[in-house]
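One file, coords-v2.txt, carrying compact mmCIF, C-alpha atoms:
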# COMPACT_ATOMS: atom_id res chain seq x y z
CA MET A 1 24.44 -1.16 -27.37
CA MET A 2 21.26 -2.25 -25.57
CA GLU A 3 19.30 -5.09 -27.18
CA GLU A 4 15.97 -4.24 -28.75
CA ASN A 5 14.09 -6.79 -26.59
CA MET A 6 15.75 -5.70 -23.33
CA ILE A 7 13.21 -4.61 -20.72
CA THR A 8 13.94 -2.65 -17.55
CA GLN A 9 10.76 -3.13 -15.54
CA CYS A 10 8.62 -6.14 -14.59
CA PRO A 11 5.27 -5.95 -16.45
CA ASN A 12 3.54 -7.67 -13.53
CA CYS A 13 4.71 -5.86 -10.37
CA SER A 14 6.67 -2.91 -11.94
CA LYS A 15 9.86 -3.81 -10.05
CA VAL A 16 12.99 -2.41 -11.72
CA LEU A 17 14.97 -5.32 -13.19
CA ALA A 18 18.70 -5.88 -12.95
CA PRO A 19 20.72 -4.26 -15.82
CA LYS A 20 21.30 -7.62 -17.46
CA LYS A 21 19.29 -10.27 -19.27
CA VAL A 22 17.10 -12.04 -16.69
CA TYR A 23 14.33 -14.60 -17.10
CA PHE A 24 12.38 -14.04 -13.88
CA CYS A 25 11.42 -10.97 -11.83
CA GLY A 26 13.07 -10.91 -8.42
CA GLY A 27 9.99 -9.30 -6.87
CA CYS A 28 7.14 -11.58 -7.95
CA MET A 29 9.05 -14.39 -9.77
CA THR A 30 7.01 -13.84 -12.93
CA GLN A 31 8.77 -15.25 -16.01
CA ILE A 32 9.47 -12.33 -18.31
CA ARG A 33 11.59 -13.95 -21.03
CA CYS A 34 11.45 -17.30 -22.86
CA LYS A 35 14.28 -19.60 -21.75
CA VAL A 36 14.39 -21.23 -25.20
CA CYS A 37 14.44 -18.32 -27.67
CA ASP A 38 14.95 -15.34 -25.27
CA ASP A 39 11.83 -13.62 -26.62
CA VAL A 40 10.06 -11.26 -24.16
CA LEU A 41 6.77 -12.67 -22.74
CA GLU A 42 3.67 -10.55 -22.36
CA VAL A 43 2.15 -10.56 -18.87
CA ASP A 44 -1.10 -12.24 -20.01
CA ASP A 45 0.55 -14.89 -22.25
CA VAL A 46 0.70 -18.47 -21.00
CA GLY A 47 3.67 -19.19 -23.22
CA CYS A 48 6.06 -17.84 -25.83
CA THR A 49 4.33 -16.69 -29.00
CA ASN A 50 7.57 -17.17 -30.92
CA CYS A 51 8.53 -20.80 -30.17
CA GLY A 52 5.49 -22.06 -28.22
CA THR A 53 7.31 -22.87 -24.98
CA LEU A 54 4.95 -22.65 -21.99
CA ARG A 55 5.63 -20.11 -19.27
CA GLU A 56 7.09 -21.48 -16.04
CA THR A 57 5.38 -20.72 -12.71
CA LYS A 58 7.57 -19.65 -9.79
CA ASN A 59 5.98 -19.05 -6.39
CA SER A 60 7.83 -18.75 -3.09
CA THR A 61 4.83 -20.21 -1.19
CA ILE A 62 4.84 -23.48 -3.15
CA SER A 63 6.41 -26.50 -1.48
CA PRO A 64 9.66 -27.74 -3.16
CA GLY A 65 8.14 -31.08 -4.24
CA ILE A 66 5.32 -29.65 -6.36
CA VAL A 67 6.08 -29.31 -10.10
CA ASN A 68 3.94 -27.30 -12.54
CA ALA A 69 1.99 -25.95 -9.56
CA ASN A 70 -1.44 -24.41 -10.15
CA THR A 71 -3.59 -22.34 -7.83
CA PHE A 72 -7.36 -22.34 -7.36
CA ARG A 73 -9.17 -19.73 -5.26
CA LEU A 74 -12.82 -19.43 -4.21
CA HIS A 75 -14.07 -16.34 -2.38
CA GLU A 76 -17.57 -16.23 -0.81
CA THR A 77 -18.87 -12.74 -0.18
CA ASN A 78 -21.42 -13.42 2.59
CA SER A 79 -19.15 -15.25 5.04
CA ASP A 80 -15.97 -13.89 3.43
CA ARG A 81 -14.51 -17.42 3.45
CA THR A 82 -11.63 -18.14 1.06
CA ILE A 83 -10.77 -21.64 -0.15
CA GLU A 84 -7.31 -21.84 -1.75
CA ALA A 85 -5.38 -24.80 -3.16
CA THR A 86 -1.94 -25.16 -4.73
CA PHE A 87 -1.53 -28.37 -6.70
CA SER A 88 0.24 -30.05 -9.61
CA ASP A 89 -1.36 -30.97 -12.93
CA SER A 90 -1.88 -34.58 -11.87
CA VAL A 91 -3.74 -33.57 -8.72
CA GLY A 92 -5.88 -31.13 -10.68
CA LYS A 93 -7.95 -33.88 -12.25
CA ASP A 94 -8.79 -35.37 -8.86
CA LEU A 95 -9.64 -31.93 -7.48
CA ALA A 96 -12.39 -31.49 -10.07
CA GLY A 97 -14.15 -34.56 -8.66
CA ILE A 98 -13.66 -33.29 -5.10
CA LEU A 99 -15.34 -29.99 -5.95
CA ARG A 100 -18.31 -31.83 -7.45
CA ASP A 101 -18.62 -33.87 -4.24
CA PHE A 102 -18.49 -30.59 -2.34
CA SER A 103 -21.74 -29.57 -3.99
CA ILE A 104 -23.49 -32.95 -4.08
CA ASN A 105 -22.82 -33.97 -0.47
CA ASN A 106 -23.22 -30.42 0.89
CA ARG A 107 -19.97 -30.77 2.84
CA SER A 108 -17.28 -28.19 3.51
CA LYS A 109 -13.79 -29.16 2.41
CA THR A 110 -10.72 -27.29 3.63
CA ILE A 111 -7.81 -27.45 1.23
CA ASN A 112 -4.35 -27.07 2.71
CA ALA A 113 -2.17 -24.76 0.60
CA THR A 114 0.92 -26.92 1.25
CA GLY A 115 -0.55 -29.98 -0.46
CA VAL A 116 -3.89 -31.69 -1.11
CA ASP A 117 -4.99 -32.34 2.49
CA ILE A 118 -8.82 -32.50 2.32
CA GLN A 119 -10.71 -32.30 5.63
CA GLN A 120 -14.45 -32.96 5.40
CA ILE A 121 -16.66 -31.25 7.97
CA ASP A 122 -20.31 -32.21 8.29
CA SER A 123 -22.40 -29.16 7.42
CA GLY A 124 -25.01 -30.02 10.06
CA LYS A 125 -22.44 -29.92 12.86
CA SER A 126 -20.65 -26.82 11.60
CA GLY A 127 -23.84 -24.79 11.37
CA TYR A 128 -23.44 -23.96 7.67
CA ASP A 129 -26.35 -24.39 5.30
CA GLU A 130 -25.08 -23.38 1.89
CA ASN A 131 -26.14 -24.23 -1.63
CA ILE A 132 -23.10 -24.25 -3.92
CA GLU A 133 -23.65 -24.47 -7.63
CA THR A 134 -22.13 -27.57 -9.30
CA PHE A 135 -19.44 -26.74 -11.84
CA ASP A 136 -16.80 -28.50 -13.95
CA VAL A 137 -13.19 -27.36 -14.12
CA ASP A 138 -10.70 -28.04 -16.89
CA PHE A 139 -7.34 -28.29 -15.13
CA SER A 140 -5.11 -28.38 -18.19
CA GLU A 141 -2.07 -26.17 -17.71
CA GLN A 142 -3.22 -23.48 -20.15
CA LYS A 143 -6.78 -23.34 -18.79
CA THR A 144 -5.54 -23.15 -15.20
CA GLU A 145 -3.29 -20.22 -16.05
CA GLU A 146 -6.24 -18.37 -17.57
CA ILE A 147 -8.30 -19.02 -14.43
CA ASN A 148 -5.49 -17.66 -12.24
CA VAL A 149 -5.19 -14.47 -14.28
CA LYS A 150 -8.94 -13.83 -14.28
CA GLN A 151 -9.21 -14.51 -10.54
CA GLU A 152 -6.30 -12.15 -9.83
CA VAL A 153 -7.84 -9.35 -11.92
CA LYS A 154 -11.20 -9.86 -10.23
CA SER A 155 -9.56 -9.75 -6.79
CA GLN A 156 -7.83 -6.48 -7.64
CA GLN A 157 -11.10 -4.99 -8.85
CA ILE A 158 -12.87 -6.00 -5.61
CA HIS A 159 -10.25 -4.50 -3.31
CA SER A 160 -9.38 -1.39 -5.37
CA PRO A 161 -10.88 1.72 -3.78
CA GLU A 162 -13.24 3.87 -5.80
CA TYR A 163 -12.10 7.44 -6.49
CA LEU A 164 -13.92 10.48 -7.75
CA SER A 165 -13.89 11.17 -11.46
CA LEU A 166 -11.43 13.77 -12.72
CA LYS A 167 -14.30 16.16 -13.45
CA ALA A 168 -15.54 15.82 -9.87
CA ILE A 169 -11.99 16.37 -8.58
CA ALA A 170 -11.76 19.52 -10.70
CA MET A 171 -15.14 20.76 -9.44
CA LYS A 172 -13.99 20.32 -5.83
CA ASN A 173 -10.57 21.80 -6.72
CA LEU A 174 -8.80 19.27 -4.47
CA PRO A 175 -5.23 19.77 -5.81
CA THR A 176 -3.88 23.16 -4.74
CA THR A 177 -0.99 23.47 -7.23
CA GLU A 178 -0.36 22.42 -10.80
CA THR A 179 2.29 19.99 -9.54
CA GLU A 180 -0.38 18.26 -7.45
CA TRP A 181 -2.59 18.09 -10.54
CA ILE A 182 0.27 16.38 -12.42
CA VAL A 183 0.54 13.83 -9.60
CA VAL A 184 -3.21 13.12 -9.74
CA TYR A 185 -3.20 12.84 -13.54
CA SER A 186 -0.19 10.47 -13.34
CA PHE A 187 -2.01 8.35 -10.75
CA PHE A 188 -4.98 7.86 -13.08
CA ALA A 189 -2.91 7.57 -16.28
CA SER A 190 -0.77 4.82 -14.71
CA ASN A 191 -3.76 2.81 -13.53
CA GLN A 192 -2.94 3.66 -9.91
CA GLY A 193 0.77 3.02 -10.34
CA LYS A 194 0.59 -0.23 -12.34
CA ASP A 195 1.44 1.07 -15.86
CA LEU A 196 3.79 3.47 -17.60
CA PHE A 197 2.39 6.67 -19.12
CA SER A 198 3.43 9.45 -21.50
CA ASN A 199 2.89 13.19 -21.99
CA LYS A 200 -0.01 12.33 -24.30
CA ASP A 201 -1.70 10.36 -21.51
CA ILE A 202 -1.37 13.36 -19.16
CA LEU A 203 -2.92 15.67 -21.77
CA GLU A 204 -5.84 13.26 -22.12
CA LYS A 205 -6.42 13.52 -18.37
CA TYR A 206 -6.33 17.31 -18.66
CA GLU A 207 -9.10 17.06 -21.28
CA GLU A 208 -11.03 14.56 -19.17
CA SER A 209 -11.08 17.03 -16.26
CA ASN A 210 -11.94 19.90 -18.63
CA ARG A 211 -8.82 21.86 -17.55
CA LEU A 212 -6.78 21.81 -20.75
CA ASP A 213 -5.93 25.20 -22.25
CA HIS A 214 -3.04 26.66 -24.24
CA GLY A 215 -1.10 27.72 -21.15
CA LYS A 216 -1.26 24.33 -19.43
CA LYS A 217 -0.36 22.57 -22.68
CA SER A 218 2.69 24.77 -23.27
CA HIS A 219 3.85 24.43 -19.63
CA LEU A 220 3.26 20.66 -19.43
CA SER A 221 6.93 19.69 -19.58
CA ARG A 222 7.87 22.26 -16.94
CA ASN A 223 5.18 21.02 -14.56
CA ILE A 224 6.19 17.39 -15.08
CA VAL A 225 9.82 18.31 -14.32
CA ALA A 226 8.62 19.90 -11.06
CA ALA A 227 6.88 16.63 -10.11
CA VAL A 228 10.04 14.69 -10.97
CA LYS A 229 12.19 17.00 -8.82
CA ALA A 230 9.73 16.55 -5.95
CA GLY A 231 10.33 12.79 -6.11
CA TYR A 232 6.83 11.87 -7.31
CA LEU A 233 7.61 10.68 -10.86
CA ASN A 234 10.39 8.64 -12.45
CA PRO A 235 11.42 9.64 -16.01
CA LEU A 236 12.29 6.68 -18.24
CA ALA A 237 13.49 6.56 -21.85
CA THR A 238 10.22 7.69 -23.45
CA ASP A 239 7.63 7.32 -20.67
CA TYR A 240 7.19 7.92 -16.94
CA SER A 241 6.30 5.86 -13.90
CA ILE A 242 4.77 7.15 -10.69
CA LEU A 243 6.86 6.40 -7.60
CA ASP A 244 5.54 5.31 -4.19
CA PRO A 245 5.71 8.88 -2.77
CA GLY A 246 3.68 10.01 -5.79
CA ILE A 247 1.05 7.32 -5.19
CA LEU A 248 0.80 8.29 -1.52
CA LYS A 249 0.56 11.98 -2.45
CA ALA A 250 -2.21 11.28 -4.99
CA LYS A 251 -4.20 9.27 -2.45
CA GLU A 252 -3.78 12.07 0.11
CA ILE A 253 -5.07 14.63 -2.40
CA LEU A 254 -8.04 12.44 -3.36
CA SER A 255 -8.93 11.89 0.30
CA ARG A 256 -9.44 15.62 0.86
CA THR A 257 -12.98 16.78 1.41
CA SER A 258 -12.43 20.24 -0.06
CA SER A 259 -9.72 22.51 -1.44
CA SER A 260 -7.30 24.29 0.87
CA PRO A 261 -8.91 27.35 2.46
CA THR A 262 -7.94 30.68 0.97
CA LYS A 263 -7.51 33.94 2.81
CA LYS A 264 -10.79 35.80 3.30
CA ALA A 265 -11.06 38.99 1.33
CA SER A 266 -10.80 42.19 3.36
CA THR A 267 -13.80 44.48 3.50
CA LYS A 268 -11.52 47.27 2.33
CA LYS A 269 -10.23 46.66 -1.17
CA ASN A 270 -7.19 48.51 -2.39
CA LYS A 271 -6.95 49.85 -5.89
CA ASN A 272 -5.18 46.78 -7.27
CA GLU A 273 -7.68 44.09 -6.18
CA ILE A 274 -9.85 42.30 -8.73
CA ASN A 275 -12.24 39.37 -8.66
CA ASP A 276 -10.33 36.09 -8.12
CA ASP A 277 -12.57 34.41 -10.70
CA ASP A 278 -11.14 36.63 -13.45
CA ASN A 279 -8.30 34.72 -15.12
CA SER A 280 -7.07 37.60 -17.26
CA THR A 281 -5.10 40.76 -16.44
CA LYS A 282 -7.38 43.80 -16.90
CA LYS A 283 -6.69 47.51 -17.15
CA ASN A 284 -8.33 50.23 -15.07
CA SER A 285 -9.68 53.50 -16.33
CA LYS A 286 -6.23 55.15 -16.17
CA GLY A 287 -4.70 52.50 -18.39
CA LYS A 288 -2.69 50.83 -15.61
CA LYS A 289 -2.72 47.04 -15.39
CA THR A 290 -4.81 45.71 -12.53
CA LEU A 291 -3.05 42.82 -10.82
CA LYS A 292 -4.69 39.67 -9.47
CA ARG A 293 -3.91 37.37 -6.60
CA LEU A 294 -2.84 33.86 -7.61
CA ASN A 295 -4.54 31.26 -5.43
CA ASN A 296 -2.93 28.19 -7.01
CA ILE A 297 0.49 28.72 -5.36
CA ASP A 298 1.34 26.95 -2.11
CA PHE A 299 3.29 29.44 0.02
CA GLU A 300 3.49 26.91 2.86
CA PRO A 301 5.03 23.97 0.96
CA GLN A 302 5.67 20.73 2.76
CA GLY A 303 9.37 20.28 3.53
CA LYS A 304 10.21 23.90 2.64
CA GLU A 305 10.21 27.23 4.44
CA SER A 306 6.99 29.23 4.22
CA LEU A 307 6.94 32.73 2.75
CA ARG A 308 5.88 34.23 6.10
CA ASN A 309 8.76 32.62 8.02
CA TYR A 310 11.27 33.52 5.30
CA PHE A 311 10.19 37.16 5.17
CA SER A 312 10.22 37.52 8.98
CA LYS A 313 14.00 36.95 9.06
CA TYR A 314 14.65 40.27 7.33
CA THR A 315 13.82 43.93 8.02
CA PRO A 316 13.28 45.47 4.56
CA SER A 317 12.70 49.21 4.60
CA SER A 318 11.50 49.83 1.03
CA ASP A 319 9.43 48.29 -1.75
CA ASN A 320 12.67 47.56 -3.63
CA GLU A 321 13.94 45.42 -0.77
CA ARG A 322 10.59 43.68 -0.28
CA THR A 323 10.33 42.91 -4.00
CA LEU A 324 13.87 41.48 -3.95
CA LEU A 325 12.97 39.11 -1.10
CA PHE A 326 9.76 37.98 -2.82
CA VAL A 327 11.50 37.24 -6.15
CA ASN A 328 14.33 35.37 -4.40
CA TYR A 329 11.87 33.24 -2.38
CA MET A 330 9.76 32.25 -5.38
CA GLN A 331 12.76 31.62 -7.65
CA ASN A 332 15.05 29.70 -5.28
CA ILE A 333 12.71 28.12 -2.71
CA LEU A 334 9.46 27.52 -4.62
CA GLU A 335 11.47 27.06 -7.87
CA ILE A 336 8.97 29.03 -9.97
CA GLU A 337 10.51 29.59 -13.40
CA GLN A 338 8.30 32.42 -14.67
CA ILE A 339 7.67 35.07 -12.00
CA THR A 340 5.16 37.71 -13.12
CA TYR A 341 3.92 40.91 -11.52
CA ASP A 342 0.90 38.90 -10.34
CA HIS A 343 3.26 36.61 -8.39
CA ILE A 344 4.89 39.58 -6.65
CA TYR A 345 1.51 41.20 -5.96
CA THR A 346 0.30 37.92 -4.41
CA CYS A 347 3.21 38.00 -1.93
CA TYR A 348 2.34 41.55 -0.87
CA ASP A 349 -1.32 40.69 -0.49
CA LEU A 350 -0.67 37.44 1.37
CA LEU A 351 1.42 39.22 4.02
CA GLY A 352 -1.02 42.15 4.23
CA LEU A 353 1.55 44.73 3.08
CA ARG A 354 0.79 48.04 1.41
CA VAL A 355 0.98 47.71 -2.35
CA SER A 356 2.25 50.41 -4.67
CA GLU A 357 -0.39 51.92 -6.95
CA ASN A 358 1.80 50.97 -9.90
CA LEU A 359 3.61 47.83 -8.74
CA PRO A 360 5.02 46.92 -12.21
CA GLN A 361 6.75 50.32 -12.38
CA THR A 362 8.09 49.81 -8.86
CA VAL A 363 9.54 46.45 -9.92
CA ARG A 364 11.09 48.00 -13.03
CA ASN A 365 12.61 50.75 -10.88
CA SER A 366 14.13 48.11 -8.64
CA ALA A 367 15.65 46.52 -11.72
CA ASN A 368 16.95 49.76 -13.26
CA VAL A 369 18.09 51.63 -10.15
CA LYS A 370 19.26 48.87 -7.83
CA GLY A 371 20.10 46.19 -10.36
CA TRP A 372 18.91 43.50 -7.93
CA ILE A 373 16.43 41.92 -10.32
CA GLU A 374 16.01 41.76 -14.06
CA THR A 375 12.72 42.25 -15.88
CA LYS A 376 12.16 40.98 -19.39
CA GLY A 377 8.81 40.51 -21.05
CA GLY A 378 6.99 41.10 -17.79
CA LEU A 379 8.98 38.35 -16.01
CA ALA A 380 11.30 38.93 -13.03
CA THR A 381 14.51 37.05 -12.14
CA ILE A 382 17.05 37.78 -9.42
CA THR A 383 20.54 38.92 -10.48
CA ILE A 384 23.93 38.13 -8.96
CA LYS A 385 23.91 41.60 -7.40
CA GLY A 386 20.56 40.82 -5.80
CA LYS A 387 21.88 37.52 -4.42
CA ASN A 388 24.86 39.34 -2.94
CA GLN A 389 22.55 41.88 -1.33
CA ILE A 390 20.60 39.12 0.42
CA ARG A 391 23.84 37.43 1.44
CA ASP A 392 24.97 40.70 3.06
CA TRP A 393 21.70 40.81 5.00
CA ASP A 394 22.33 37.27 6.24
CA GLN A 395 25.69 38.35 7.65
CA LYS A 396 24.16 41.12 9.79
Write the structure described by the file as structure tokens, please.
Amino acid sequence: MMEENMITQCPNCSKVLAPKKVYFCGGCMTQIRCKVCDDVLEVDDVGCTNCGTLRETKNSTISPGIVNANTFRLHETNSDRTIEATFSDSVGKDLAGILRDFSINNRSKTINATGVDIQQIDSGKSGYDENIETFDVDFSEQKTEEINVKQEVKSQQIHSPEYLSLKAIAMKNLPTTETEWIVVYSFFASNQGKDLFSNKDILEKYEESNRLDHGKKSHLSRNIVAAVKAGYLNPLATDYSILDPGILKAKEILSRTSSSPTKKASTKKNKNEINDDDNSTKKNSKGKKTLKRLNNIDFEPQGKESLRNYFSKYTPSSDNERTLLFVNYMQNILEIEQITYDHIYTCYDLLGLRVSENLPQTVRNSANVKGWIETKGGLATITIKGKNQIRDWDQK
């Protein structure tokens, strides 16, 4: 039975830990567990809150002779110069005096990261004329750790790119499928891949982008599963993490300047066309359902065969055969779980094929007469007989 305080992921760099009790992360060497009482350490704690033992600092860039090493960084925005020092507690006290001399004497001091090698360069000869504010530094071990954490957070904030808000992303309609929306929501909910997130966090992002409705809420789990199958998300015990391909996909989506172009509407509209902005299925004057084209489906998915290429391999001679091919493509290649008459109509319209005046009845006829597909509650699925029919076509 797994221990209650067992953790599987480094809270600092998110690296997956070995399936055993470890005290340090193999990726960033952050101490994650107290070596005295085995209690789990929070990422911002300088020591164990249970027994009071201070956290150890492990850094692969520190020379072997330095014990209780601390790091000080100074970044200047105008010249983009960085001064960095790694030193022990005993050297820290002397370094405070050196920094004061830096200001008083108006001299530049280069600190070697492998020790405390201070090289003084006369500011008149170097061409620098800088006024650096005098400051005092408390180099006790706890205070130094706090400085390191704050400097690291500040550095991440400086170098983190700025992205559009979720409302702006929704207004530009940058994601083209609901799976892409899940990837974008996961990217924001995980703090750009740094944290774990839950279904509740995803729903909050839906609300933030003003896209949450009953349908999206009820289909949330299905859409998340699609993102997992695509290799974008990693399901854990109760939460999720976004994988590197998911982070790259999110950044690609956010870098788009506009949504994917849709097919221009023909000047001649057939009897089944409706306004794309209408999200509901209407009825015409004769009582027949008017179908709509779905523009949120990617029929040219990356890494998969496009609908046009798939359909070109066959020579269907009837609407029954064409409907069979469309249902098989969406069910087994695009992995769409709920295929409606609107989905089938979209395939016809996308390929510029003539559409039956009563497409739902045509689909039902294909189900009743041929037995290739099954219709239930307005949803279509391919049957074993339909799969065999396509397999026979492949053999020709």
What is the distance between atom CA of Thr362 of chain A and atom CA of Glu305 of chain A, in Å to one decimal?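 Atom-to-atom, atom CA of Thr362 of chain A and atom CA of Glu305 of chain A are spaced 26.3 Å apart.
Among the candidates A:Leu353, A:Ile344, A:Ala237, A:Cys28, the residue lying nearest to Gly378 of chain A is A:Ile344 (atoms considered: all atoms listed in the file).
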Can you measure atom CA of Gly27 of chain A to atom CA of Asp45 of chain A for me? One decimal in Å is fine. 18.9 Å
Contacts of Gly303 of chain A at 12 Å or less, counting only C-alpha atoms, minus same-chain residues fewer than 6 places along, as a ChimeraX atom specification? /A:230,333-334
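Summary of the local environment: counting all atoms listed in the file, residues at most 6 Å from segment 247-256 of chain A, other than itself and those fewer than 3 positions away along its chain, are A:Val183, A:Val184, A:Asp244.
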One number please: atom CA of Cys37 of chain A to atom CA of Cys13 of chain A, in Å, one decimal.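 Answer for the atom CA of Cys37 of chain A to atom CA of Cys13 of chain A separation: 23.4 Å.
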Is it possible to add N, CA, C and O atoms to segment 196-214 of chain A and hand it back as an mmCIF file, in the frame of the given file?
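Once everything was written out, this is selection.cif:
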data_model
loop_
_atom_site.group_PDB
_atom_site.id
_atom_site.type_symbol
_atom_site.label_atom_id
_atom_site.label_comp_id
_atom_site.auth_asym_id
_atom_site.auth_seq_id
_atom_site.Cartn_x
_atom_site.Cartn_y
_atom_site.Cartn_z
ATOM 1 N N LEU A 196 3.042 2.289 -17.189
ATOM 2 C CA LEU A 196 3.790 3.470 -17.600
ATOM 3 C C LEU A 196 2.843 4.431 -18.322
ATOM 4 O O LEU A 196 1.763 4.036 -18.781
ATOM 5 N N PHE A 197 3.233 5.685 -18.451
ATOM 6 C CA PHE A 197 2.390 6.670 -19.120
ATOM 7 C C PHE A 197 3.272 7.710 -19.786
ATOM 8 O O PHE A 197 4.472 7.815 -19.494
ATOM 9 N N SER A 198 2.688 8.475 -20.704
ATOM 10 C CA SER A 198 3.430 9.450 -21.500
ATOM 11 C C SER A 198 2.803 10.837 -21.347
ATOM 12 O O SER A 198 1.775 11.008 -20.681
ATOM 13 N N ASN A 199 3.447 11.828 -21.990
ATOM 14 C CA ASN A 199 2.890 13.190 -21.990
ATOM 15 C C ASN A 199 1.491 13.197 -22.608
ATOM 16 O O ASN A 199 0.609 13.934 -22.149
ATOM 17 N N LYS A 200 1.289 12.392 -23.641
ATOM 18 C CA LYS A 200 -0.010 12.330 -24.300
ATOM 19 C C LYS A 200 -1.086 11.841 -23.329
ATOM 20 O O LYS A 200 -2.210 12.352 -23.325
ATOM 21 N N ASP A 201 -0.739 10.866 -22.489
ATOM 22 C CA ASP A 201 -1.700 10.360 -21.510
ATOM 23 C C ASP A 201 -2.077 11.448 -20.510
ATOM 24 O O ASP A 201 -3.242 11.559 -20.100
ATOM 25 N N ILE A 202 -1.092 12.264 -20.099
ATOM 26 C CA ILE A 202 -1.370 13.360 -19.160
ATOM 27 C C ILE A 202 -2.305 14.379 -19.802
ATOM 28 O O ILE A 202 -3.247 14.862 -19.165
ATOM 29 N N LEU A 203 -2.051 14.713 -21.080
ATOM 30 C CA LEU A 203 -2.920 15.670 -21.770
ATOM 31 C C LEU A 203 -4.344 15.144 -21.879
ATOM 32 O O LEU A 203 -5.316 15.916 -21.788
ATOM 33 N N GLU A 204 -4.496 13.841 -22.070
ATOM 34 C CA GLU A 204 -5.840 13.260 -22.120
ATOM 35 C C GLU A 204 -6.557 13.423 -20.784
ATOM 36 O O GLU A 204 -7.773 13.651 -20.740
ATOM 37 N N LYS A 205 -5.815 13.324 -19.690
ATOM 38 C CA LYS A 205 -6.420 13.520 -18.370
ATOM 39 C C LYS A 205 -6.789 14.988 -18.154
ATOM 40 O O LYS A 205 -7.793 15.291 -17.498
ATOM 41 N N TYR A 206 -5.969 15.891 -18.706
ATOM 42 C CA TYR A 206 -6.330 17.310 -18.660
ATOM 43 C C TYR A 206 -7.680 17.530 -19.351
ATOM 44 O O TYR A 206 -8.551 18.249 -18.846
ATOM 45 N N GLU A 207 -7.840 16.922 -20.541
ATOM 46 C CA GLU A 207 -9.100 17.060 -21.280
ATOM 47 C C GLU A 207 -10.253 16.419 -20.522
ATOM 48 O O GLU A 207 -11.365 16.954 -20.492
ATOM 49 N N GLU A 208 -9.981 15.269 -19.907
ATOM 50 C CA GLU A 208 -11.030 14.560 -19.170
ATOM 51 C C GLU A 208 -11.551 15.390 -18.002
ATOM 52 O O GLU A 208 -12.734 15.328 -17.655
ATOM 53 N N SER A 209 -10.667 16.173 -17.385
ATOM 54 C CA SER A 209 -11.080 17.030 -16.260
ATOM 55 C C SER A 209 -11.530 18.403 -16.728
ATOM 56 O O SER A 209 -11.859 19.253 -15.906
ATOM 57 N N ASN A 210 -11.513 18.625 -18.048
ATOM 58 C CA ASN A 210 -11.940 19.900 -18.630
ATOM 59 C C ASN A 210 -11.071 21.058 -18.150
ATOM 60 O O ASN A 210 -11.557 22.160 -17.918
ATOM 61 N N ARG A 211 -9.739 20.822 -18.018
ATOM 62 C CA ARG A 211 -8.820 21.860 -17.550
ATOM 63 C C ARG A 211 -7.761 22.219 -18.596
ATOM 64 O O ARG A 211 -6.881 23.041 -18.329
ATOM 65 N N LEU A 212 -7.820 21.599 -19.756
ATOM 66 C CA LEU A 212 -6.780 21.810 -20.750
ATOM 67 C C LEU A 212 -6.977 23.146 -21.460
ATOM 68 O O LEU A 212 -8.048 23.456 -21.957
ATOM 69 N N ASP A 213 -5.937 23.975 -21.469
ATOM 70 C CA ASP A 213 -5.930 25.200 -22.250
ATOM 71 C C ASP A 213 -4.528 25.381 -22.818
ATOM 72 O O ASP A 213 -3.630 24.558 -22.587
ATOM 73 N N HIS A 214 -4.327 26.451 -23.577
ATOM 74 C CA HIS A 214 -3.040 26.660 -24.240
ATOM 75 C C HIS A 214 -1.903 26.796 -23.238
ATOM 76 O O HIS A 214 -0.806 26.249 -23.440
#
